[in-house]
Every structure is written in C-alpha cells, then in structure tokens.
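Data first, discussion second: the structure below is written as structure tokens.
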Amino acid sequence: MSSLYERLGGEGAVNAAVELFYRKVLADGRIAHFFDNVDMESQIAKQKAFLTMAFGGPNNYTGADMRNAHKRLVDKGLNDSHVDAVIENLNYTLRDLGVPDTEVKEVAALANSVRDDVLNR
Amino acid sequence: MTLIRHEGGAVDVAPGETVLEALLRVGVNAPHSCRAGNCHSCLHRAIDGAPPPESQSGLTDAQRAMGYFLPCICRPKTPMTILRPDDLGASLEAIVRAIDPLSDDIVRLRVEAEGFAYRPGQFVELSAGEDLKRHYSLASHPEEDAFLEMHIRLHHDGRMSRHLAEELQAGDKLRVAGPSGSCFYEGVHTDQPMLLIGAGTGLAPLYGVLRDALRSGHHGPIRLYHGARSGKGLYLSDELQAISNARDNVDYRPCAFDPAAPHGGDVAATALDAEQSVSDAAIFLCGGENLVKRLKRDLFMRGASLKNIRSDAFTPAR
C-alpha cells in the first residue's frame, strides 16, 4: 500500500493545493486576522510546510517547533475554533481538487494530530 | 569536508551533513523550523560558490539567480561563502556623477561604482557616513549605463535628503552595499503579460524593470501604472509616454490624485479595476508599504500566483 503522500500526488499535489488553501484562509473572516501583518511570501512557504505535513509527506517537525511557531498566536487568542476553521478550509481545498473522501479524512486526521502542540497545551 | 565561510568564521561541513546541521553544531544560532526544505525559515544566500541546485528547490527564479538556498537541505560539495538573507555584505566606493531634479521634490542621483553587479529594479544600501544609510532602488541598466541611478524623494526634515540637497556634489564619495531585492526581470516569459504598478519613487525600480524587459525582447503586453499625489509628481512622464507611443506592447497609465478622475486618481483602485484577469501576469509592485500590501493581497485573491508577484515596499527611514 502506497503512502498517503504518494496517493495524493506528492510535492506536485502540495503545490497545486497551497495557493488555493491560502486564498480560502485569507477569505475566512474567522481566521484571516491572524495573517494581517505577516509577509505573504514567508507565510506561503509555511503553509506549504503545513500541507506537506498534513499530506503525510517528508517533514521533521517536532512538537516543540509547533509550539514555538504558534505561541505568539495563542497569546493573541488562537483556540480550538480557529484550528477547526483551518481544517475545514483544508477539507474544502482538497474537495475542490477532487481528492476522494478517504484521503480527505486522513489529511484532516494528520492536521488534527498537531492540535495540542499548536495550541501550546 | 567542505568549507563554509559564515559571518567571518569558517565552518567545516562533514560528508552527508547539511549546512544547517553544521551551523547548529558549532553553536551558530541559525533560524530554522521544518528541516525539510519547505518552510524557508533557514534561508541564506551564497555570495561566493554555487549552492547545489537541490538546495534551491521551491525558491523563486529571482531568489535562485541571487544565490539564495535552504541550508536545511544543502549538502555542499564545494566551498561557499554565505550570508543571512538580510545581510548586504561588504560595501563599495561610489563616486557622485550627477544630482538633478526630476520633480518638485524628487531628485535623480547618479553614482559610479566600479564592479558593482546588479539587476535593474534591485535596491542598494547607500551610505553617506556610518550612521546615514538608506535603501534606494536602481532605475539604471548595467549594460547601458556607466552609473547607478536612484530616484530620491527629498523629505523636509530627512537627514539624507538635506545631505543630498545641500551638501553633496559631483565627485564626492559615497558607499553602496548590495544589491538586494527580487524585483527584477527574471523568470518572466517574453510573451507573458506584465503588470507594473508603483507610486512615487516606486517608479525607479519599475523603470529599470521596463527597460530590462524591452532589452530582453519582451513582446507580451506591458502595462505600467504610476501613481502620484499630484500631476507634478508624475516624473519621467514624457519619456514613458514616448516609449508607450513607440511600442505597440507598452501602455503607460499615469494616475494623479484628483477628485474628478475615476477612482479619485488612486493608482491601486485604478489598476485593480482595469486588471480583472491577472492569473497569467508577471506582476511588479513598488511603493509605500500599505500600497504594496493591499495590491499584493488583492491580486493574489484575484488569482495571481504569489511566485509571479515581485514586490518592494518602501519603509520610511527610522
């Protein structure tokens, strides 16, 4: 059985999804304000890293990396509802790209697996 | 072992080791996160020696051309000298050739800096003393001009402004460091539509990019929007109108604030209204921070790919 990352199409799939996903996030009033003052180029690289992780692709993130990267946002009020919104946008992105339900659920589960680290709990 | 020079020190990279691992091993506090070449947190630039191509994966064409690479996926085979991304490196002497007015409050500074390599549209750090340094974009072309050309707005209380307006003369010496910035003609297809939008002295890099594009045989449509607070601020308009008249593919669209004009003469609103289809365009944005941020976000949301948007936001001197 090939890995989730391979089934989704690897780096090409991440590249196809990343801008679509970022547009949805920026258009989502629930979470857009977290991105108001960030540099879009460095942010899209981070979105790509996040999607690579959620797609089951190569990454070396540690829980501590996730905690440090989001600590500032947690201080600004980042909570479960915002993580839910991000995962929802991820689901819509994958559906737009025609990814089958089984894989969409696997991606959501992987994204969800870092929730506690992201929220510094 | 491969030798890496970094901030004055030398670091040996062991076989199979990445540059990031080597830097961290010797105690350099190098920023990093994903360690897989995705997040770009560890970005560095090689100013001597060539980074392996795989260490530039995912970077823009402009970044690759400037020697940027990702230390976390870089296993170098040959020596390199590397800098942090915001480090401009050593400076060169520059001799003032001319200072001429372009409008009421904008001057054109031309300096000669022998051996200074750059691409039109990049910016330099100009220094007139240890504590007097500013960033300016280049409107000149290295293959056509023997000088670096900068367009500088004179601020009433600006120290560099006063220095330029009251003290500096032809023959005086300054220093330039850099270049930096990814706002130049790279990774553009010659038949691709080009969209250049700028305000004030944001025209300088766009003027450089326009000249470079035409020199490179660009034949896709080029639309240049230049915004100013008043008609007098639309400097170089005669030259740009002449280029526009002489070339079928160049369209110059000046916008000056005017309550009677469409969109009040606001360059961002005018360009956004006229440019509905931007997903294929090579986009260059230069001007104040708010203008650049607004345009970048709106054009991205409208379908432009971020890798097609090159921008330079001018920040006021502190």
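Within each chain, counting starts at residue 1; across the structure tokens, chains are named A, B, ... in the order shown, with ligands numbered 1 upward in that order.
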If you run DSSP over the backbone, which residues in segment 233-304 of chain B end up alpha helix (DSSP H)? Put them as a ChimeraX atom specification. /B:237-246,267-274,289-301
Restricting the output to N, CA and C atoms, write the selected residues as a PDB file, in the first residue's frame.
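This is the output file selection-v2.pdb:
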ATOM      1  N   SER B 237       7.321  61.360 -17.108  1.00  0.00           N
ATOM      2  CA  SER B 237       6.136  61.014 -17.909  1.00  0.00           C
ATOM      3  C   SER B 237       6.381  61.222 -19.404  1.00  0.00           C
ATOM      4  N   ASP B 238       7.192  62.207 -19.774  1.00  0.00           N
ATOM      5  CA  ASP B 238       7.475  62.397 -21.211  1.00  0.00           C
ATOM      6  C   ASP B 238       8.212  61.190 -21.793  1.00  0.00           C
ATOM      7  N   GLU B 239       9.224  60.726 -21.053  1.00  0.00           N
ATOM      8  CA  GLU B 239       9.993  59.564 -21.521  1.00  0.00           C
ATOM      9  C   GLU B 239       9.099  58.326 -21.624  1.00  0.00           C
ATOM     10  N   LEU B 240       8.257  58.127 -20.596  1.00  0.00           N
ATOM     11  CA  LEU B 240       7.410  56.934 -20.579  1.00  0.00           C
ATOM     12  C   LEU B 240       6.343  57.005 -21.664  1.00  0.00           C
ATOM     13  N   GLN B 241       5.804  58.205 -21.883  1.00  0.00           N
ATOM     14  CA  GLN B 241       4.813  58.377 -22.948  1.00  0.00           C
ATOM     15  C   GLN B 241       5.462  58.085 -24.299  1.00  0.00           C
ATOM     16  N   ALA B 242       6.708  58.520 -24.475  1.00  0.00           N
ATOM     17  CA  ALA B 242       7.414  58.278 -25.738  1.00  0.00           C
ATOM     18  C   ALA B 242       7.636  56.772 -25.956  1.00  0.00           C
ATOM     19  N   ILE B 243       8.018  56.049 -24.890  1.00  0.00           N
ATOM     20  CA  ILE B 243       8.204  54.595 -25.016  1.00  0.00           C
ATOM     21  C   ILE B 243       6.870  53.944 -25.380  1.00  0.00           C
ATOM     22  N   SER B 244       5.814  54.392 -24.681  1.00  0.00           N
ATOM     23  CA  SER B 244       4.481  53.850 -24.910  1.00  0.00           C
ATOM     24  C   SER B 244       4.019  54.099 -26.355  1.00  0.00           C
ATOM     25  N   ASN B 245       4.325  55.290 -26.883  1.00  0.00           N
ATOM     26  CA  ASN B 245       3.932  55.609 -28.260  1.00  0.00           C
ATOM     27  C   ASN B 245       4.726  54.794 -29.281  1.00  0.00           C
ATOM     28  N   ALA B 246       5.983  54.529 -28.950  1.00  0.00           N
ATOM     29  CA  ALA B 246       6.855  53.854 -29.911  1.00  0.00           C
ATOM     30  C   ALA B 246       6.666  52.343 -29.925  1.00  0.00           C
ATOM     31  N   VAL B 267      -4.007  55.065  -7.682  1.00  0.00           N
ATOM     32  CA  VAL B 267      -3.375  54.131  -8.626  1.00  0.00           C
ATOM     33  C   VAL B 267      -3.783  52.684  -8.342  1.00  0.00           C
ATOM     34  N   ALA B 268      -3.903  52.310  -7.068  1.00  0.00           N
ATOM     35  CA  ALA B 268      -4.262  50.932  -6.749  1.00  0.00           C
ATOM     36  C   ALA B 268      -5.672  50.621  -7.230  1.00  0.00           C
ATOM     37  N   ALA B 269      -6.620  51.527  -6.912  1.00  0.00           N
ATOM     38  CA  ALA B 269      -8.011  51.298  -7.314  1.00  0.00           C
ATOM     39  C   ALA B 269      -8.129  51.289  -8.837  1.00  0.00           C
ATOM     40  N   THR B 270      -7.417  52.196  -9.502  1.00  0.00           N
ATOM     41  CA  THR B 270      -7.469  52.254 -10.963  1.00  0.00           C
ATOM     42  C   THR B 270      -6.946  50.959 -11.578  1.00  0.00           C
ATOM     43  N   ALA B 271      -5.809  50.498 -11.090  1.00  0.00           N
ATOM     44  CA  ALA B 271      -5.214  49.282 -11.648  1.00  0.00           C
ATOM     45  C   ALA B 271      -6.081  48.064 -11.346  1.00  0.00           C
ATOM     46  N   LEU B 272      -6.597  47.971 -10.115  1.00  0.00           N
ATOM     47  CA  LEU B 272      -7.417  46.812  -9.753  1.00  0.00           C
ATOM     48  C   LEU B 272      -8.698  46.771 -10.578  1.00  0.00           C
ATOM     49  N   ASP B 273      -9.230  47.940 -10.887  1.00  0.00           N
ATOM     50  CA  ASP B 273     -10.451  47.992 -11.689  1.00  0.00           C
ATOM     51  C   ASP B 273     -10.179  47.551 -13.128  1.00  0.00           C
ATOM     52  N   ALA B 274      -9.030  47.967 -13.662  1.00  0.00           N
ATOM     53  CA  ALA B 274      -8.730  47.666 -15.070  1.00  0.00           C
ATOM     54  C   ALA B 274      -8.201  46.248 -15.263  1.00  0.00           C
ATOM     55  N   GLU B 289       4.477  50.881   1.862  1.00  0.00           N
ATOM     56  CA  GLU B 289       4.113  49.584   2.420  1.00  0.00           C
ATOM     57  C   GLU B 289       2.627  49.264   2.267  1.00  0.00           C
ATOM     58  N   ASN B 290       1.762  50.249   2.564  1.00  0.00           N
ATOM     59  CA  ASN B 290       0.323  49.995   2.503  1.00  0.00           C
ATOM     60  C   ASN B 290      -0.137  49.679   1.092  1.00  0.00           C
ATOM     61  N   LEU B 291       0.378  50.437   0.146  1.00  0.00           N
ATOM     62  CA  LEU B 291       0.005  50.228  -1.254  1.00  0.00           C
ATOM     63  C   LEU B 291       0.415  48.824  -1.710  1.00  0.00           C
ATOM     64  N   VAL B 292       1.657  48.468  -1.421  1.00  0.00           N
ATOM     65  CA  VAL B 292       2.172  47.176  -1.879  1.00  0.00           C
ATOM     66  C   VAL B 292       1.411  46.025  -1.224  1.00  0.00           C
ATOM     67  N   LYS B 293       1.153  46.159   0.083  1.00  0.00           N
ATOM     68  CA  LYS B 293       0.438  45.111   0.806  1.00  0.00           C
ATOM     69  C   LYS B 293      -0.965  44.908   0.252  1.00  0.00           C
ATOM     70  N   ARG B 294      -1.638  46.032   0.014  1.00  0.00           N
ATOM     71  CA  ARG B 294      -3.017  45.962  -0.482  1.00  0.00           C
ATOM     72  C   ARG B 294      -3.056  45.316  -1.867  1.00  0.00           C
ATOM     73  N   LEU B 295      -2.165  45.774  -2.752  1.00  0.00           N
ATOM     74  CA  LEU B 295      -2.168  45.246  -4.119  1.00  0.00           C
ATOM     75  C   LEU B 295      -1.793  43.765  -4.137  1.00  0.00           C
ATOM     76  N   LYS B 296      -0.800  43.411  -3.334  1.00  0.00           N
ATOM     77  CA  LYS B 296      -0.342  42.022  -3.344  1.00  0.00           C
ATOM     78  C   LYS B 296      -1.476  41.095  -2.920  1.00  0.00           C
ATOM     79  N   ARG B 297      -2.140  41.491  -1.846  1.00  0.00           N
ATOM     80  CA  ARG B 297      -3.222  40.644  -1.334  1.00  0.00           C
ATOM     81  C   ARG B 297      -4.391  40.585  -2.323  1.00  0.00           C
ATOM     82  N   ASP B 298      -4.790  41.741  -2.841  1.00  0.00           N
ATOM     83  CA  ASP B 298      -5.939  41.756  -3.751  1.00  0.00           C
ATOM     84  C   ASP B 298      -5.644  41.001  -5.045  1.00  0.00           C
ATOM     85  N   LEU B 299      -4.445  41.155  -5.576  1.00  0.00           N
ATOM     86  CA  LEU B 299      -4.106  40.467  -6.826  1.00  0.00           C
ATOM     87  C   LEU B 299      -3.980  38.960  -6.595  1.00  0.00           C
ATOM     88  N   PHE B 300      -3.457  38.580  -5.427  1.00  0.00           N
ATOM     89  CA  PHE B 300      -3.376  37.156  -5.085  1.00  0.00           C
ATOM     90  C   PHE B 300      -4.778  36.557  -4.960  1.00  0.00           C
ATOM     91  N   MET B 301      -5.656  37.268  -4.249  1.00  0.00           N
ATOM     92  CA  MET B 301      -7.017  36.757  -4.063  1.00  0.00           C
ATOM     93  C   MET B 301      -7.747  36.662  -5.405  1.00  0.00           C
TER      94      MET B 301
END
Can you check which parts of chain A lie within 12 Å of chain B? Per residue, the shortest pair of atoms and distance in Å to one decimal, counting only C-alpha atoms, sorted by chain and number, as CSV.
residue,atom,partner,partner_atom,distance
A:Glu11,CA,B:Gly58,CA,10.0
A:Gly12,CA,B:Gly58,CA,11.2
A:Val14,CA,B:Asn38,CA,10.6
A:Asn15,CA,B:Gly58,CA,9.4
A:Ala16,CA,B:Ser305,CA,10.9
A:Ala17,CA,B:Ser305,CA,11.9
A:Val18,CA,B:Ser305,CA,10.3
A:Glu19,CA,B:Ser305,CA,7.2
A:Leu20,CA,B:Gly303,CA,9.0
A:Phe21,CA,B:Met301,CA,11.0
A:Tyr22,CA,B:Met301,CA,9.1
A:Arg23,CA,B:Met301,CA,5.9
A:Lys24,CA,B:Met301,CA,8.8
A:Val25,CA,B:Met301,CA,10.5
A:Leu26,CA,B:Met301,CA,8.2
A:Ala27,CA,B:Met301,CA,8.2
A:Asp28,CA,B:Met301,CA,11.9
A:Ala32,CA,B:Arg297,CA,11.8
A:Phe35,CA,B:Arg297,CA,11.0
A:Asp36,CA,B:Lys293,CA,9.7
A:Asn37,CA,B:Lys293,CA,9.3
A:Val38,CA,B:Lys293,CA,10.0
A:Asp39,CA,B:Lys293,CA,8.8
A:Met40,CA,B:Leu306,CA,8.0
A:Glu41,CA,B:Leu306,CA,7.1
A:Ser42,CA,B:His40,CA,7.0
A:Gln43,CA,B:Cys39,CA,8.4
A:Ile44,CA,B:Cys39,CA,8.3
A:Ala45,CA,B:Cys39,CA,4.7
A:Lys46,CA,B:Cys39,CA,4.6
A:Gln47,CA,B:Cys39,CA,7.7
A:Lys48,CA,B:Asn38,CA,6.3
A:Ala49,CA,B:Asn38,CA,4.8
A:Phe50,CA,B:Cys39,CA,8.3
A:Leu51,CA,B:Asn38,CA,9.7
A:Thr52,CA,B:Asn38,CA,8.0
A:Met53,CA,B:Cys34,CA,9.5
A:Gly57,CA,B:Ala36,CA,9.9
A:Pro58,CA,B:Ala36,CA,6.8
A:Asn59,CA,B:Ala36,CA,5.3
A:Asn60,CA,B:Cys34,CA,5.6
A:Tyr61,CA,B:Cys34,CA,5.3
A:Thr62,CA,B:Cys34,CA,8.4
A:Gly63,CA,B:Ser33,CA,11.0
A:Ala64,CA,B:Ser33,CA,9.8
A:Asp65,CA,B:Ser33,CA,6.3
A:Met66,CA,B:Ser33,CA,8.7
A:Arg67,CA,B:Ser33,CA,11.1
A:Asn68,CA,B:Ser33,CA,9.5
A:Ala69,CA,B:Ser33,CA,8.4
A:His70,CA,B:Ser33,CA,12.0
Work out how far apart atom CA of Asp101 of chain A and atom CA of Phe34 of chain A are and give it in Å to one decimal.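 These two atoms are separated by 28.9 Å.
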Selection: 10 Å around Leu210 of chain B, only C-alpha atoms, excl. self and same-chain fewer than 2 positions, as a PyMOL selection string: chain B and resi 120-121+139+184-185+194+196+204-208+212-216+218+222-224+240+243+250
Atoms kept (C-alpha atoms) for selection, written as a compact mmCIF listing (two decimals), in the first residue's frame:
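And here is the file that came out, again-v4.txt:
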# COMPACT_ATOMS: atom_id res chain seq x y z
CA PRO B 120 17.67 46.76 -12.81
CA GLY B 121 14.96 47.06 -10.14
CA ALA B 139 16.50 52.57 -12.36
CA PHE B 184 13.75 42.31 -11.38
CA TYR B 185 13.13 40.73 -14.78
CA MET B 194 3.49 42.21 -17.45
CA LEU B 196 3.90 47.11 -13.27
CA ALA B 204 12.53 53.83 -10.19
CA PRO B 205 12.63 50.02 -9.98
CA LEU B 206 9.72 49.72 -12.41
CA TYR B 207 11.54 51.93 -14.90
CA GLY B 208 14.60 49.67 -14.55
CA ASP B 212 15.38 45.39 -18.91
CA ALA B 213 12.23 43.71 -20.27
CA LEU B 214 12.39 45.65 -23.54
CA ARG B 215 16.11 44.96 -23.87
CA SER B 216 15.39 41.27 -23.32
CA HIS B 218 9.78 41.13 -24.20
CA ILE B 222 3.27 45.58 -20.57
CA ARG B 223 1.05 47.92 -18.57
CA LEU B 224 2.73 50.43 -16.29
CA LEU B 240 7.41 56.93 -20.58
CA ILE B 243 8.20 54.60 -25.02
CA VAL B 250 3.71 49.12 -23.84
Test item: residues at most 8 Å from Glu93 of chain B, only C-alpha atoms, excluding those fewer than 3 positions along its chain, as a ChimeraX atom specification: /B:113-114,173-176
Resulting file, chosen residues, C-alpha atoms, as a compact mmCIF listing (two decimals), in the first residue's frame:
# COMPACT_ATOMS: atom_id res chain seq x y z
CA ALA B 113 30.60 52.21 -8.52
CA GLU B 114 33.13 50.16 -10.45
CA LYS B 173 32.35 59.81 -2.40
CA LEU B 174 29.59 57.59 -1.01
CA ARG B 175 29.41 53.85 -0.43
CA VAL B 176 26.96 51.28 -1.82
Quick one: everything within 10 Å of Leu3 of chain B, counting only C-alpha atoms, minus sequence neighbours fewer than 4 positions away in the same chain. Send it as number ranges by chain. B: 10-14, 19, 76-81
Deliver the residues from the most recent selection as a file, using C-alpha atoms, as a PDB file, in the first residue's frame.
ATOM      1  CA  ALA B  10      34.846  29.147   8.868  1.00  0.00           C
ATOM      2  CA  VAL B  11      32.722  26.048   9.409  1.00  0.00           C
ATOM      3  CA  ASP B  12      33.550  22.558   8.151  1.00  0.00           C
ATOM      4  CA  VAL B  13      30.574  20.644   6.816  1.00  0.00           C
ATOM      5  CA  ALA B  14      31.102  16.893   7.265  1.00  0.00           C
ATOM      6  CA  VAL B  19      24.835  23.353   6.220  1.00  0.00           C
ATOM      7  CA  PRO B  76      27.601  21.275  -0.348  1.00  0.00           C
ATOM      8  CA  LYS B  77      30.346  19.693  -2.465  1.00  0.00           C
ATOM      9  CA  THR B  78      32.356  22.880  -2.985  1.00  0.00           C
ATOM     10  CA  PRO B  79      33.253  25.781  -0.668  1.00  0.00           C
ATOM     11  CA  MET B  80      30.793  28.640  -0.279  1.00  0.00           C
ATOM     12  CA  THR B  81      30.646  31.986   1.483  1.00  0.00           C
TER      13      THR B  81
END
Contacts of segment 312-318 of chain B at 8 Å or less, counting only C-alpha atoms, minus same-chain residues fewer than 4 places along, as a PDB file with N, CA and C atoms, in the first residue's frame?
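Contents of around-v2.pdb, as written:
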ATOM      1  N   ARG B 134      20.612  54.570   3.693  1.00  0.00           N
ATOM      2  CA  ARG B 134      19.241  54.406   3.214  1.00  0.00           C
ATOM      3  C   ARG B 134      19.227  53.407   2.051  1.00  0.00           C
ATOM      4  N   GLY B 181      16.922  42.460  -3.079  1.00  0.00           N
ATOM      5  CA  GLY B 181      15.576  42.623  -3.626  1.00  0.00           C
ATOM      6  C   GLY B 181      15.356  41.741  -4.846  1.00  0.00           C
ATOM      7  N   SER B 182      14.144  41.225  -4.963  1.00  0.00           N
ATOM      8  CA  SER B 182      13.837  40.282  -6.042  1.00  0.00           C
ATOM      9  C   SER B 182      12.951  40.906  -7.101  1.00  0.00           C
ATOM     10  N   CYS B 183      12.878  42.243  -7.089  1.00  0.00           N
ATOM     11  CA  CYS B 183      12.021  42.937  -8.045  1.00  0.00           C
ATOM     12  C   CYS B 183      12.809  43.175  -9.333  1.00  0.00           C
ATOM     13  N   GLY B 202       8.568  54.719  -6.325  1.00  0.00           N
ATOM     14  CA  GLY B 202       8.412  53.309  -6.706  1.00  0.00           C
ATOM     15  C   GLY B 202       8.537  53.151  -8.209  1.00  0.00           C
ATOM     16  N   LEU B 285       5.335  45.192  -8.066  1.00  0.00           N
ATOM     17  CA  LEU B 285       4.684  46.210  -7.239  1.00  0.00           C
ATOM     18  C   LEU B 285       5.736  46.965  -6.435  1.00  0.00           C
ATOM     19  N   CYS B 286       5.760  48.298  -6.531  1.00  0.00           N
ATOM     20  CA  CYS B 286       6.759  49.066  -5.791  1.00  0.00           C
ATOM     21  C   CYS B 286       6.165  50.364  -5.275  1.00  0.00           C
ATOM     22  N   GLY B 287       6.400  50.642  -4.022  1.00  0.00           N
ATOM     23  CA  GLY B 287       5.904  51.883  -3.435  1.00  0.00           C
ATOM     24  C   GLY B 287       5.809  51.730  -1.934  1.00  0.00           C
ATOM     25  N   GLY B 288       4.958  52.547  -1.328  1.00  0.00           N
ATOM     26  CA  GLY B 288       4.791  52.505   0.121  1.00  0.00           C
ATOM     27  C   GLY B 288       4.254  51.152   0.574  1.00  0.00           C
ATOM     28  N   GLU B 289       4.477  50.881   1.862  1.00  0.00           N
ATOM     29  CA  GLU B 289       4.113  49.584   2.420  1.00  0.00           C
ATOM     30  C   GLU B 289       2.627  49.264   2.267  1.00  0.00           C
ATOM     31  N   VAL B 292       1.657  48.468  -1.421  1.00  0.00           N
ATOM     32  CA  VAL B 292       2.172  47.176  -1.879  1.00  0.00           C
ATOM     33  C   VAL B 292       1.411  46.025  -1.224  1.00  0.00           C
ATOM     34  N   LYS B 293       1.153  46.159   0.083  1.00  0.00           N
ATOM     35  CA  LYS B 293       0.438  45.111   0.806  1.00  0.00           C
ATOM     36  C   LYS B 293      -0.965  44.908   0.252  1.00  0.00           C
TER      37      LYS B 293
END
At a cut-off of 10 Å, using only C-alpha atoms, what residues contact Leu132 of chain B? Leave out same-chain residues fewer than 2 positions from it and give the result as a PyMOL selection string. chain B and resi 126-130+134+159-160+163+317
Those residues you just picked out, can you put them in a file as an mmCIF file, in the first residue's frame with N, CA and C atoms?
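This is the output file again.cif:
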data_model
loop_
_atom_site.group_PDB
_atom_site.id
_atom_site.type_symbol
_atom_site.label_atom_id
_atom_site.label_comp_id
_atom_site.auth_asym_id
_atom_site.auth_seq_id
_atom_site.Cartn_x
_atom_site.Cartn_y
_atom_site.Cartn_z
ATOM 1 N N LEU B 126 22.667 52.806 0.319
ATOM 2 C CA LEU B 126 23.559 53.924 0.036
ATOM 3 C C LEU B 126 23.982 54.509 1.373
ATOM 4 N N SER B 127 25.281 54.690 1.551
ATOM 5 C CA SER B 127 25.690 55.242 2.824
ATOM 6 C C SER B 127 26.548 56.473 2.622
ATOM 7 N N ALA B 128 26.192 57.510 3.384
ATOM 8 C CA ALA B 128 26.907 58.780 3.335
ATOM 9 C C ALA B 128 27.588 59.009 4.680
ATOM 10 N N GLY B 129 27.906 57.923 5.356
ATOM 11 C CA GLY B 129 28.511 58.019 6.682
ATOM 12 C C GLY B 129 28.032 56.849 7.511
ATOM 13 N N GLU B 130 28.728 56.571 8.613
ATOM 14 C CA GLU B 130 28.445 55.394 9.428
ATOM 15 C C GLU B 130 26.983 55.337 9.871
ATOM 16 N N ARG B 134 20.612 54.570 3.693
ATOM 17 C CA ARG B 134 19.241 54.406 3.214
ATOM 18 C C ARG B 134 19.227 53.407 2.051
ATOM 19 N N ARG B 159 17.514 63.539 6.978
ATOM 20 C CA ARG B 159 18.953 63.819 7.038
ATOM 21 C C ARG B 159 19.634 63.524 5.705
ATOM 22 N N MET B 160 19.281 62.378 5.091
ATOM 23 C CA MET B 160 19.871 62.069 3.788
ATOM 24 C C MET B 160 19.393 63.087 2.747
ATOM 25 N N HIS B 163 21.346 66.207 3.139
ATOM 26 C CA HIS B 163 22.710 65.954 2.686
ATOM 27 C C HIS B 163 22.774 66.016 1.159
ATOM 28 N N ALA B 317 12.583 55.970 6.679
ATOM 29 C CA ALA B 317 13.794 55.877 7.495
ATOM 30 C C ALA B 317 13.444 56.087 8.959
#
Given only C-alpha atoms as the basis, pick out the residue of A:Val118, A:Arg30, A:Glu106, A:Tyr5 nearest to Val74 of chain A.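 Looking only at the distances to Val74 of chain A, the closest residue turns out to be A:Val118.
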What is the atom CA of Asn308 of chain B to atom CA of Met150 of chain B distance in Å? 24.9 Å
DSSP on the backbone, strand (DSSP E) only: what residues of segment 4-207 of chain B does that give? Format it as a PyMOL selection string. chain B and resi 4-6+9-13+44-48+68-69+80-83+91-101+106-112+123-127+133-137+148-153+173-180+194-199
Quote the spacing between atom CA of Leu70 of chain B and atom CA of Arg25 of chain B in Å to one decimal place.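 Between these atoms lies a distance of 16.8 Å.
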Nearest to Arg72 of chain A: which of A:Ser3, A:Asn120, A:Asn112, A:Asn89 is it, counting only C-alpha atoms?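 Ranked by minimum distance to Arg72 of chain A, first place goes to A:Asn120.
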